[in-house]
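Content type PDB, C-alpha atoms and all ligand atoms, from the file protein_24.pdb:
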ATOM      1  CA  MET G1018      -6.196  -7.067  27.073
ATOM      2  CA  ILE G1019      -6.757  -9.575  29.890
ATOM      3  CA  SER G1020      -8.724  -7.018  31.826
ATOM      4  CA  THR G1021     -10.897  -6.509  28.741
ATOM      5  CA  PHE G1022     -11.727 -10.186  28.546
ATOM      6  CA  ARG G1023     -12.468 -10.206  32.252
ATOM      7  CA  ARG G1024     -14.731  -7.231  31.830
ATOM      8  CA  LEU G1025     -16.428  -8.863  28.858
ATOM      9  CA  LEU G1026     -17.059 -11.958  30.981
ATOM     10  CA  ASN G1027     -18.538  -9.798  33.711
ATOM     11  CA  LEU G1028     -20.687  -8.139  31.119
ATOM     12  CA  SER G1029     -22.209 -11.409  29.945
ATOM     13  CA  ARG G1030     -22.719 -12.589  33.515
ATOM     14  CA  ASN G1031     -24.343  -9.297  34.370
ATOM     15  CA  SER G1032     -26.840  -9.603  31.590
ATOM     16  CA  ALA G1033     -27.688 -13.196  32.505
ATOM     17  CA  PHE G1034     -27.942 -12.764  36.243
ATOM     18  CA  GLY G1035     -28.364  -9.037  36.401
ATOM     19  CA  ASP G1036     -31.277  -9.036  38.811
ATOM     20  CA  ASP G1037     -29.585 -11.389  41.287
ATOM     21  CA  ARG G1038     -26.479  -9.282  41.610
ATOM     22  CA  GLY G1039     -28.063  -6.395  43.414
ATOM     23  CA  GLN G1040     -27.299  -2.764  42.779
ATOM     24  CA  GLY G1041     -23.986  -3.312  40.936
ATOM     25  CA  GLY G1042     -25.484  -5.925  38.637
ATOM     26  CA  MET G1043     -26.431  -3.744  35.692
ATOM     27  CA  SER G1044     -23.294  -1.640  35.609
ATOM     28  CA  ILE G1045     -22.402  -2.215  31.975
ATOM     29  CA  ASN G1046     -19.319  -0.207  31.221
ATOM     30  CA  PRO G1047     -20.312   2.275  28.488
ATOM     31  CA  ARG G1048     -16.740   2.178  27.162
ATOM     32  CA  ILE G1049     -17.098  -1.523  26.362
ATOM     33  CA  VAL G1050     -20.373  -0.957  24.535
ATOM     34  CA  MET G1051     -18.904   1.978  22.618
ATOM     35  CA  GLY G1052     -15.731   0.056  21.755
ATOM     36  CA  LEU G1053     -17.692  -2.975  20.613
ATOM     37  CA  LEU G1054     -19.864  -0.774  18.408
ATOM     38  CA  ILE G1055     -16.758   0.694  16.760
ATOM     39  CA  VAL G1056     -15.252  -2.769  16.160
ATOM     40  CA  VAL G1057     -18.527  -4.164  14.824
ATOM     41  CA  GLY G1058     -18.983  -1.059  12.653
ATOM     42  CA  SER G1059     -15.524  -1.596  11.125
ATOM     43  CA  LEU G1060     -16.274  -5.244  10.411
ATOM     44  CA  VAL G1061     -19.657  -4.370   8.891
ATOM     45  CA  TYR G1062     -18.004  -1.714   6.706
ATOM     46  CA  ASN G1063     -15.411  -4.243   5.566
ATOM     47  CA  TRP G1064     -18.157  -6.719   4.736
ATOM     48  CA  ILE G1065     -20.788  -4.533   3.021
ATOM     49  CA  GLY G1066     -19.177  -1.103   2.595
ATOM     50  CA  THR G1067     -16.320  -2.251   0.373
ATOM     51  CA  THR G1068     -16.414  -3.310  -3.275
ATOM     52  CA  LYS G1069     -15.382  -6.892  -3.955
ATOM     53  CA  PHE G1070     -13.266  -7.207  -7.054
ATOM     54  CA  HIS G1071     -11.388 -10.071  -8.660
ATOM     55  CA  ASN G1072      -8.208  -8.570 -10.047
ATOM     56  CA  ASP G1073      -6.734 -10.481 -12.995
ATOM     57  CA  PHE G1074      -3.371  -8.737 -12.537
ATOM     58  CA  THR G1075      -2.958  -9.922  -8.944
ATOM     59  CA  GLY G1076      -5.080 -13.070  -9.235
ATOM     60  CA  ARG G1077      -6.629 -12.107  -5.900
ATOM     61  CA  ASP G1078     -10.113 -11.193  -4.686
ATOM     62  CA  GLN G1079      -9.726  -7.688  -3.303
ATOM     63  CA  LYS G1080     -11.831  -5.472  -1.046
ATOM     64  CA  LEU G1081     -11.714  -1.869  -2.208
ATOM     65  CA  ALA G1082     -12.745   1.466  -0.710
ATOM     66  CA  LEU G1083     -13.422   3.078  -4.108
ATOM     67  CA  ALA G1084     -15.729   1.176  -6.447
ATOM     68  CA  THR G1085     -14.489   2.251  -9.884
ATOM     69  CA  PRO G1086     -11.208   3.026 -11.654
ATOM     70  CA  GLN G1087     -12.767   6.414 -12.517
ATOM     71  CA  GLU G1088     -12.861   7.326  -8.812
ATOM     72  CA  GLU G1089      -9.220   6.266  -8.481
ATOM     73  CA  ILE G1090      -8.271   8.367 -11.522
ATOM     74  CA  ALA G1091     -10.117  11.403 -10.110
ATOM     75  CA  MET G1092      -8.404  11.013  -6.724
ATOM     76  CA  GLY G1093      -4.966  10.707  -8.339
ATOM     77  CA  LEU G1094      -5.482  13.670 -10.655
ATOM     78  CA  GLN G1095      -6.671  15.790  -7.743
ATOM     79  CA  SER G1096      -3.395  15.248  -5.831
ATOM     80  CA  THR G1097      -1.070  15.483  -8.837
ATOM     81  CA  PRO G1098      -0.474  19.283  -8.919
ATOM     82  CA  GLN G1099       0.279  19.334  -5.179
ATOM     83  CA  MET G1100       2.579  16.332  -5.520
ATOM     84  CA  ILE G1101       4.537  18.040  -8.305
ATOM     85  CA  GLN G1102       4.688  21.329  -6.420
ATOM     86  CA  GLU G1103       5.917  19.713  -3.197
ATOM     87  CA  SER G1104       8.645  17.906  -5.141
ATOM     88  CA  GLY G1105      10.136  21.095  -6.530
ATOM     89  CA  GLY G1106       8.196  20.984  -9.795
ATOM     90  CA  LEU G1107       8.908  18.953 -12.903
ATOM     91  CA  SER G1108      12.508  18.381 -13.870
ATOM     92  CA  SER G1109      14.071  20.970 -16.182
ATOM     93  CA  ASP G1110      15.933  18.130 -17.920
ATOM     94  CA  ALA G1111      13.867  17.951 -21.131
ATOM     95  CA  LYS G1112      15.750  14.914 -22.469
ATOM     96  CA  GLY G1113      15.256  13.083 -19.171
ATOM     97  CA  ARG G1114      11.543  13.905 -19.125
ATOM     98  CA  ALA G1115      11.182  12.634 -22.702
ATOM     99  CA  LEU G1116      13.009   9.393 -21.847
ATOM    100  CA  VAL G1117      10.735   8.759 -18.838
ATOM    101  CA  GLU G1118       7.669   9.346 -21.035
ATOM    102  CA  ARG G1119       8.996   7.166 -23.851
ATOM    103  CA  VAL G1120       9.864   4.185 -21.621
ATOM    104  CA  GLY G1121       6.481   4.546 -19.874
ATOM    105  CA  ALA G1122       4.664   4.569 -23.220
ATOM    106  CA  ARG G1123       6.543   1.456 -24.370
ATOM    107  CA  LEU G1124       5.624  -0.380 -21.137
ATOM    108  CA  ILE G1125       1.960   0.434 -21.643
ATOM    109  CA  SER G1126       1.686  -0.264 -25.369
ATOM    110  CA  SER G1127       3.195  -3.749 -25.040
ATOM    111  CA  THR G1128       1.311  -4.963 -21.946
ATOM    112  CA  ALA G1129      -2.231  -5.588 -20.708
ATOM    113  CA  ALA G1130      -2.006  -2.209 -18.954
ATOM    114  CA  LYS G1131      -3.203  -0.611 -22.216
ATOM    115  CA  GLU G1132      -6.508  -2.518 -21.980
ATOM    116  CA  THR G1133      -7.313  -0.944 -18.617
ATOM    117  CA  SER G1134      -9.126   2.369 -18.276
ATOM    118  CA  TYR G1135      -6.268   3.883 -16.240
ATOM    119  CA  GLN G1136      -4.791   7.138 -17.503
ATOM    120  CA  PHE G1137      -1.079   6.529 -17.202
ATOM    121  CA  LYS G1138       1.221   9.521 -17.129
ATOM    122  CA  PHE G1139       4.916   9.493 -16.228
ATOM    123  CA  HIS G1140       6.510  12.495 -14.508
ATOM    124  CA  LEU G1141      10.183  13.230 -13.841
ATOM    125  CA  LEU G1142      10.331  15.391 -10.690
ATOM    126  CA  ALA G1143      13.047  17.970 -10.071
ATOM    127  CA  TYR G1144      13.591  16.633  -6.537
ATOM    128  CA  THR G1145      17.271  15.819  -6.094
ATOM    129  CA  GLU G1146      17.167  15.111  -2.331
ATOM    130  CA  THR G1147      15.209  11.888  -2.023
ATOM    131  CA  VAL G1148      15.715   8.748  -4.079
ATOM    132  CA  ASN G1149      12.132   7.781  -4.761
ATOM    133  CA  ALA G1150       9.410   6.752  -7.163
ATOM    134  CA  PHE G1151       5.705   6.412  -6.484
ATOM    135  CA  ALA G1152       2.306   6.101  -8.083
ATOM    136  CA  LEU G1153      -1.003   7.747  -7.298
ATOM    137  CA  PRO G1154      -4.173   5.722  -7.771
ATOM    138  CA  GLY G1155      -5.422   5.861 -11.352
ATOM    139  CA  GLY G1156      -2.059   6.018 -13.155
ATOM    140  CA  GLN G1157      -0.048   9.164 -12.286
ATOM    141  CA  ILE G1158       3.534   7.912 -11.852
ATOM    142  CA  PHE G1159       6.501   9.873 -10.510
ATOM    143  CA  ILE G1160      10.256   9.384 -10.305
ATOM    144  CA  THR G1161      12.606  11.860  -8.647
ATOM    145  CA  GLU G1162      15.733  13.146 -10.359
ATOM    146  CA  ALA G1163      17.685  11.770  -7.399
ATOM    147  CA  LEU G1164      16.688   8.234  -8.386
ATOM    148  CA  PHE G1165      16.659   8.866 -12.155
ATOM    149  CA  ARG G1166      20.279  10.088 -12.148
ATOM    150  CA  ARG G1167      21.462   7.010 -10.264
ATOM    151  CA  LEU G1168      19.983   4.589 -12.813
ATOM    152  CA  LYS G1169      22.501   3.027 -15.176
ATOM    153  CA  SER G1170      20.270   1.887 -18.039
ATOM    154  CA  GLU G1171      16.929   2.261 -19.774
ATOM    155  CA  ASP G1172      16.101  -1.250 -18.512
ATOM    156  CA  GLN G1173      16.518  -0.082 -14.916
ATOM    157  CA  LEU G1174      14.227   2.872 -15.606
ATOM    158  CA  ALA G1175      11.707   0.405 -17.069
ATOM    159  CA  GLY G1176      12.026  -1.588 -13.827
ATOM    160  CA  VAL G1177      11.135   1.422 -11.678
ATOM    161  CA  LEU G1178       8.234   2.514 -13.894
ATOM    162  CA  GLY G1179       6.974  -1.058 -14.334
ATOM    163  CA  HIS G1180       6.938  -1.525 -10.550
ATOM    164  CA  GLU G1181       4.857   1.646 -10.146
ATOM    165  CA  MET G1182       2.483   0.556 -12.928
ATOM    166  CA  GLY G1183       2.127  -2.665 -10.929
ATOM    167  CA  HIS G1184       0.862  -0.678  -7.909
ATOM    168  CA  VAL G1185      -1.712   1.048 -10.154
ATOM    169  CA  VAL G1186      -3.197  -2.031 -11.845
ATOM    170  CA  ALA G1187      -3.085  -3.969  -8.552
ATOM    171  CA  ARG G1188      -5.181  -1.111  -7.080
ATOM    172  CA  HIS G1189      -2.989  -1.121  -3.972
ATOM    173  CA  SER G1190      -3.841   2.396  -2.689
ATOM    174  CA  ASN G1191      -7.536   1.672  -2.973
ATOM    175  CA  GLU G1192      -7.169  -1.651  -1.176
ATOM    176  CA  GLN G1193      -5.033  -0.042   1.543
ATOM    177  CA  MET G1194      -7.729   2.566   2.160
ATOM    178  CA  ALA G1195     -10.199  -0.232   2.907
ATOM    179  CA  ASN G1196      -7.634  -2.113   4.997
ATOM    180  CA  SER G1197      -6.575   0.806   7.137
ATOM    181  CA  LYS G1198     -10.225   1.676   7.741
ATOM    182  CA  LEU G1199     -10.812  -1.873   8.980
ATOM    183  CA  TRP G1200      -7.696  -2.204  11.142
ATOM    184  CA  GLY G1201      -7.748   1.411  12.289
ATOM    185  CA  GLY G1202     -11.357   0.907  13.403
ATOM    186  CA  ILE G1203     -10.588  -2.331  15.235
ATOM    187  CA  ALA G1204      -7.645  -0.692  17.006
ATOM    188  CA  GLN G1205      -9.765   2.325  17.947
ATOM    189  CA  GLY G1206     -12.557   0.101  19.276
ATOM    190  CA  LEU G1207     -10.185  -2.046  21.335
ATOM    191  CA  GLY G1208      -8.541   1.127  22.587
ATOM    192  CA  VAL G1209     -11.870   2.521  23.797
ATOM    193  CA  MET G1210     -12.754  -0.806  25.452
ATOM    194  CA  THR G1211      -9.479  -1.189  27.305
ATOM    195  CA  SER G1212      -8.821   2.370  28.396
ATOM    196  CA  ASP G1213      -9.867   2.878  32.014
ATOM    197  CA  GLY G1214      -8.818   6.467  32.434
ATOM    198  CA  HIS G1215      -5.476   5.516  34.006
ATOM    199  CA  SER G1216      -3.707   3.285  31.544
ATOM    200  CA  ASN G1217      -3.726   3.262  27.748
ATOM    201  CA  THR G1218      -1.737   0.045  27.410
ATOM    202  CA  GLY G1219      -4.609  -1.705  25.642
ATOM    203  CA  ALA G1220      -4.975   1.092  23.105
ATOM    204  CA  TYR G1221      -1.215   1.084  22.593
ATOM    205  CA  ILE G1222      -1.104  -2.654  21.916
ATOM    206  CA  ALA G1223      -4.134  -2.483  19.620
ATOM    207  CA  ASN G1224      -2.456   0.298  17.636
ATOM    208  CA  MET G1225       0.770  -1.663  17.341
ATOM    209  CA  VAL G1226      -1.144  -4.665  15.990
ATOM    210  CA  ALA G1227      -3.033  -2.485  13.490
ATOM    211  CA  GLN G1228       0.204  -0.852  12.319
ATOM    212  CA  TRP G1229       1.854  -4.233  11.977
ATOM    213  CA  LYS G1230      -1.098  -5.468   9.877
ATOM    214  CA  VAL G1231      -0.967  -2.421   7.596
ATOM    215  CA  MET G1232       2.844  -2.755   7.305
ATOM    216  CA  LYS G1233       2.460  -6.422   6.401
ATOM    217  CA  PHE G1234      -0.040  -5.522   3.645
ATOM    218  CA  SER G1235       2.349  -2.874   2.401
ATOM    219  CA  ARG G1236       5.254  -5.362   2.195
ATOM    220  CA  ASP G1237       3.055  -7.814   0.289
ATOM    221  CA  ASP G1238       2.097  -4.963  -2.053
ATOM    222  CA  GLU G1239       5.767  -4.258  -2.802
ATOM    223  CA  SER G1240       6.417  -7.908  -3.710
ATOM    224  CA  GLU G1241       3.321  -7.932  -5.891
ATOM    225  CA  ALA G1242       4.372  -4.693  -7.645
ATOM    226  CA  ASP G1243       7.879  -6.120  -8.200
ATOM    227  CA  ALA G1244       6.413  -9.260  -9.796
ATOM    228  CA  LEU G1245       4.098  -7.216 -12.031
ATOM    229  CA  GLY G1246       7.007  -4.922 -12.911
ATOM    230  CA  VAL G1247       9.034  -7.968 -13.997
ATOM    231  CA  ARG G1248       6.129  -9.161 -16.173
ATOM    232  CA  PHE G1249       5.666  -5.745 -17.816
ATOM    233  CA  MET G1250       9.423  -5.420 -18.446
ATOM    234  CA  MET G1251       9.598  -8.790 -20.155
ATOM    235  CA  GLN G1252       6.496  -8.160 -22.274
ATOM    236  CA  ALA G1253       7.965  -4.833 -23.395
ATOM    237  CA  GLY G1254      11.295  -6.464 -24.276
ATOM    238  CA  TYR G1255      13.335  -5.129 -21.359
ATOM    239  CA  ASN G1256      15.779  -7.212 -19.322
ATOM    240  CA  PRO G1257      13.926  -7.989 -16.045
ATOM    241  CA  GLU G1258      17.190  -8.567 -14.172
ATOM    242  CA  ALA G1259      17.720  -4.805 -14.332
ATOM    243  CA  LEU G1260      15.177  -4.525 -11.491
ATOM    244  CA  ILE G1261      17.675  -6.340  -9.250
ATOM    245  CA  GLY G1262      20.188  -3.638 -10.165
ATOM    246  CA  VAL G1263      17.640  -1.036  -9.044
ATOM    247  CA  MET G1264      17.405  -2.813  -5.667
ATOM    248  CA  GLU G1265      21.189  -2.604  -5.339
ATOM    249  CA  ILE G1266      21.053   1.146  -5.951
ATOM    250  CA  LEU G1267      18.280   1.508  -3.366
ATOM    251  CA  ALA G1268      20.201  -0.602  -0.850
ATOM    252  CA  GLN G1269      23.214   1.685  -1.286
ATOM    253  CA  VAL G1270      21.257   4.824  -0.457
ATOM    254  CA  SER G1271      19.055   3.283   2.233
ATOM    255  CA  GLY G1272      21.566   4.225   4.921
ATOM    256  CA  GLY G1273      20.672   7.891   4.393
ATOM    257  CA  ALA G1274      18.213   9.839   6.512
ATOM    258  CA  ASN G1275      15.720  10.187   3.665
ATOM    259  CA  GLY G1276      13.568   7.114   3.441
ATOM    260  CA  SER G1277      11.757   6.250   0.265
ATOM    261  CA  GLU G1278       8.606   4.361  -0.551
ATOM    262  CA  PHE G1279      10.810   1.556  -1.781
ATOM    263  CA  MET G1280      12.741   1.208   1.446
ATOM    264  CA  SER G1281      10.419   2.118   4.304
ATOM    265  CA  SER G1282       8.275  -0.893   3.544
ATOM    266  CA  HIS G1283      11.285  -3.068   2.804
ATOM    267  CA  PRO G1284      13.814  -3.282   5.571
ATOM    268  CA  ASN G1285      15.517  -6.187   3.839
ATOM    269  CA  PRO G1286      16.557  -5.508   0.195
ATOM    270  CA  ALA G1287      18.180  -8.966  -0.031
ATOM    271  CA  ASN G1288      14.786 -10.599   0.525
ATOM    272  CA  ARG G1289      13.297  -8.425  -2.137
ATOM    273  CA  MET G1290      16.007  -9.328  -4.660
ATOM    274  CA  GLU G1291      15.348 -12.991  -3.949
ATOM    275  CA  HIS G1292      11.616 -12.493  -4.624
ATOM    276  CA  ILE G1293      12.412 -10.693  -7.881
ATOM    277  CA  ARG G1294      14.611 -13.606  -9.002
ATOM    278  CA  GLU G1295      11.749 -15.985  -8.226
ATOM    279  CA  ALA G1296       9.309 -13.788 -10.156
ATOM    280  CA  ILE G1297      11.645 -13.764 -13.196
ATOM    281  CA  ALA G1298      11.891 -17.561 -13.105
ATOM    282  CA  ARG G1299       8.093 -17.834 -12.817
ATOM    283  CA  GLU G1300       7.463 -15.472 -15.733
ATOM    284  CA  ARG G1301      10.039 -17.243 -17.903
ATOM    285  CA  ALA G1302       8.420 -20.620 -17.157
ATOM    286  CA  ALA G1303       4.970 -19.195 -17.974
ATOM    287  CA  ALA G1304       6.221 -17.663 -21.247
ATOM    288  CA  ARG G1305       7.570 -21.019 -22.487
TER     289      ARG G1305
HETATM  290 ZN    ZN S   1       6.416   0.177  -4.481
END
Spit out the file's structure as structure tokens when you get a sec.
Amino acid sequence: MISTFRRLLNLSRNSAFGDDRGQGGMSINPRIVMGLLIVVGSLVYNWIGTTKFHNDFTGRDQKLALATPQEEIAMGLQSTPQMIQESGGLSSDAKGRALVERVGARLISSTAAKETSYQFKFHLLAYTETVNAFALPGGQIFITEALFRRLKSEDQLAGVLGHEMGHVVARHSNEQMANSKLWGGIAQGLGVMTSDGHSNTGAYIANMVAQWKVMKFSRDDESEADALGVRFMMQAGYNPEALIGVMEILAQVSGGANGSEFMSSHPNPANRMEHIREAIARERAAAR
């Protein structure tokens, strides 16, 4: 990094005093120009290439890669068959599938999620290996049998599905696409600028920073989805504290080799439980 700054300084001096510096004066490193162009391009994309959207569910102004919910729905529907196939198909437990659909329908009909244009659909996957649940953009929501069988109540199931609905209405995937384009581009640009053919330390550091940024966004997304899940549970008449029970189940299995969406972005389940308790208190105060 330091060598980059030094080179950048040389660059500006070269352009100011280029003629006085003799034959080496105009030797602008093409890597620096290329890297700068990539960084600037990423910033320009983030500024004018994204769609600005004020999301009432999150209360935040968001920058999105896809402009409309319809594009999100199309993207989600396109990946759904592959997702189901890779997870061993839909569960053969007809009663379980019906319960997942019924709890999902209750969460939608009693919350503001029903006023959105998202096409919610709740799938119970046959997968018994990995404890997991996830949502595709646009409303396709999945829970594996491995997680479903560990749940102790309908309220806990509502907690899992409500959390995933939170990801959908918060448009997290869409926002992450824009974010990773920005930070991936910055990292790539810095990498090009700092690589000198011998050492890639600069590129390595830039990548670490970009990954840390994306990870940080992903942790914030989980907290936001938990808080929205709590709100949806309460509006649908479920006990929001059941989501804390779900965290306990996830903490128990997190020692295993199979990571899940819930855990990879959340190394500390205790923190997450604390945030859920705060969200419950907030929602109860707002409901009064
Ligand atoms: Zn999540």
* **Cut-off 8 Å, all atoms listed in the file, neighbours of ligand ZN 1 (chain S) as a VMD selection string** => chain G and resid 1150 to 1151 1180 to 1181 1184 1238 to 1239 1242 to 1243 1278 to 1279
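Take atom CA of Val1057 of chain G and atom CA of Gly1208 of chain G: the distance between them is 13.7 Å.
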* To do: Check what the PyMOL selection byres (((chain G and resi 1247) around 12) and not hetatm) selects in the file above and give those residues as a ChimeraX atom specification.
  => /G:1124,1128,1172-1173,1175-1183,1240-1246,1248-1261,1290,1292-1301
* Atomic separation - atom CA of Met1194 of chain G relative to atom CA of Leu1153 of chain G, Å ->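 One can read the atom CA of Leu1153 of chain G to atom CA of Met1194 of chain G distance as 12.7 Å.
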Residues selected by the PyMOL selection byres (((chain G and resi 1052) around 6) and not hetatm), written as a compact mmCIF listing (two decimals) with C-alpha atoms, keeping the file's coordinate frame:
# COMPACT_ATOMS: atom_id res chain seq x y z
CA ARG G 1048 -16.74 2.18 27.16
CA ILE G 1049 -17.10 -1.52 26.36
CA VAL G 1050 -20.37 -0.96 24.54
CA MET G 1051 -18.90 1.98 22.62
CA LEU G 1053 -17.69 -2.98 20.61
CA LEU G 1054 -19.86 -0.77 18.41
CA ILE G 1055 -16.76 0.69 16.76
CA GLY G 1206 -12.56 0.10 19.28
CA LEU G 1207 -10.18 -2.05 21.34
CA VAL G 1209 -11.87 2.52 23.80
CA MET G 1210 -12.75 -0.81 25.45
* For atom CA of Arg1167 of chain G and atom CA of Gln1269 of chain G, determine how far apart the two atoms are, in Å to one decimal place. =>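 Separation between atom CA of Arg1167 of chain G and atom CA of Gln1269 of chain G: 10.6 Å.
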* Asked: Given the choices G:Asn1217, G:Asn1191, G:Ser1108, G:Ser1271, which gets closest to Ala1082 of chain G if the distance is worked out from only C-alpha atoms?
  -> G:Asn1191
* Given the choices G:Glu1265, G:Leu1199, G:Ser1212, G:Lys1230, which gets closest to Gly1058 of chain G if the distance is worked out from all atoms listed in the file? ->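 Comparing G:Glu1265, G:Leu1199, G:Ser1212, G:Lys1230 against Gly1058 of chain G, the winner is G:Leu1199.
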* Asked: Which of these residues is nearest to Gly1121 of chain G, using only C-alpha atoms: G:Ile1160, G:Leu1107, G:Val1226, G:Ala1084?
  ->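 When distances to Gly1121 of chain G are compared using only C-alpha atoms, the smallest one comes from G:Ile1160.
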* To do: Tell me which protein, DNA and RNA residues are within 7 Å of Pro1154 of chain G, counting all atoms listed in the file, leaving out same-chain ones fewer than 4 positions away, and put them as a list in words.
  => Glu1089, Ile1090, Met1092, Gly1093, Val1185, Arg1188 and Ser1190 of chain G
* To do: Would you kindly return, as a PyMOL selection string, each protein, DNA or RNA residue with an atom no farther than 12 Å from any atom of Gln1079 of chain G, considering all atoms listed in the file and excluding same-chain residues fewer than 3 positions away?
  => chain G and resi 1063-1064+1067-1076+1082-1084+1187-1196
* Asked: If you count all atoms listed in the file, which residues fall within 9 Å of Phe1137 of chain G, apart from same-chain ones fewer than 3 positions away, as a list in words?
  ->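 Surrounding residues, per the criterion: Gly1121, Ala1122, Ile1125, Ala1130, Lys1131, Gly1155, Gly1156, Gln1157, Ile1158, Met1182 and Val1185 of chain G.
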* Of the residues G:Leu1174, G:Val1056, G:Leu1142, G:Met1232, which is the one nearest to Thr1097 of chain G, using only C-alpha atoms? -> G:Leu1142
Please determine an axis-aligned box that encloses all atoms of segment 1286-1305 of chain G listed in the file, with 8 Å added on each side, and express its centre and edge lengths in Å to one decimal as AutoDock Vina command-line options.
--center_x 11.6 --center_y -13.3 --center_z -11.0 --size_x 29.2 --size_y 31.5 --size_z 39.0
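Candidate residues G:Thr1085, G:Pro1286, G:Ala1204, G:Gly1219 were compared for distance to Arg1236 of chain G, and the nearest is G:Pro1286, using only C-alpha atoms.
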* Selection result for the PyMOL selection byres (((chain G and resi 1117) around 8) and not hetatm) on this file, as a list in words -> Gly1113, Arg1114, Ala1115, Leu1116, Glu1118, Arg1119, Val1120, Gly1121, Phe1139, His1140, Leu1141 and Leu1174 of chain G
* Structure fact -> If you count all atoms listed in the file, the residue of G:Tyr1144, G:Tyr1135, G:Phe1159, G:Tyr1062 closest to Lys1080 of chain G turns out to be G:Tyr1062
Quick one: residues within 8 Å of Ala1143 of chain G, only C-alpha atoms counted, chain neighbours fewer than 4 positions away excluded, as a JSON list (two decimals) with C-alpha atoms, in the frame of the given file?
[["chain", "number", "residue", "atom", "x", "y", "z"],
["G", 1104, "SER", "CA", 8.64, 17.91, -5.14],
["G", 1105, "GLY", "CA", 10.14, 21.10, -6.53],
["G", 1106, "GLY", "CA", 8.20, 20.98, -9.80],
["G", 1107, "LEU", "CA", 8.91, 18.95, -12.90],
["G", 1108, "SER", "CA", 12.51, 18.38, -13.87],
["G", 1109, "SER", "CA", 14.07, 20.97, -16.18],
["G", 1161, "THR", "CA", 12.61, 11.86, -8.65],
["G", 1162, "GLU", "CA", 15.73, 13.15, -10.36]]
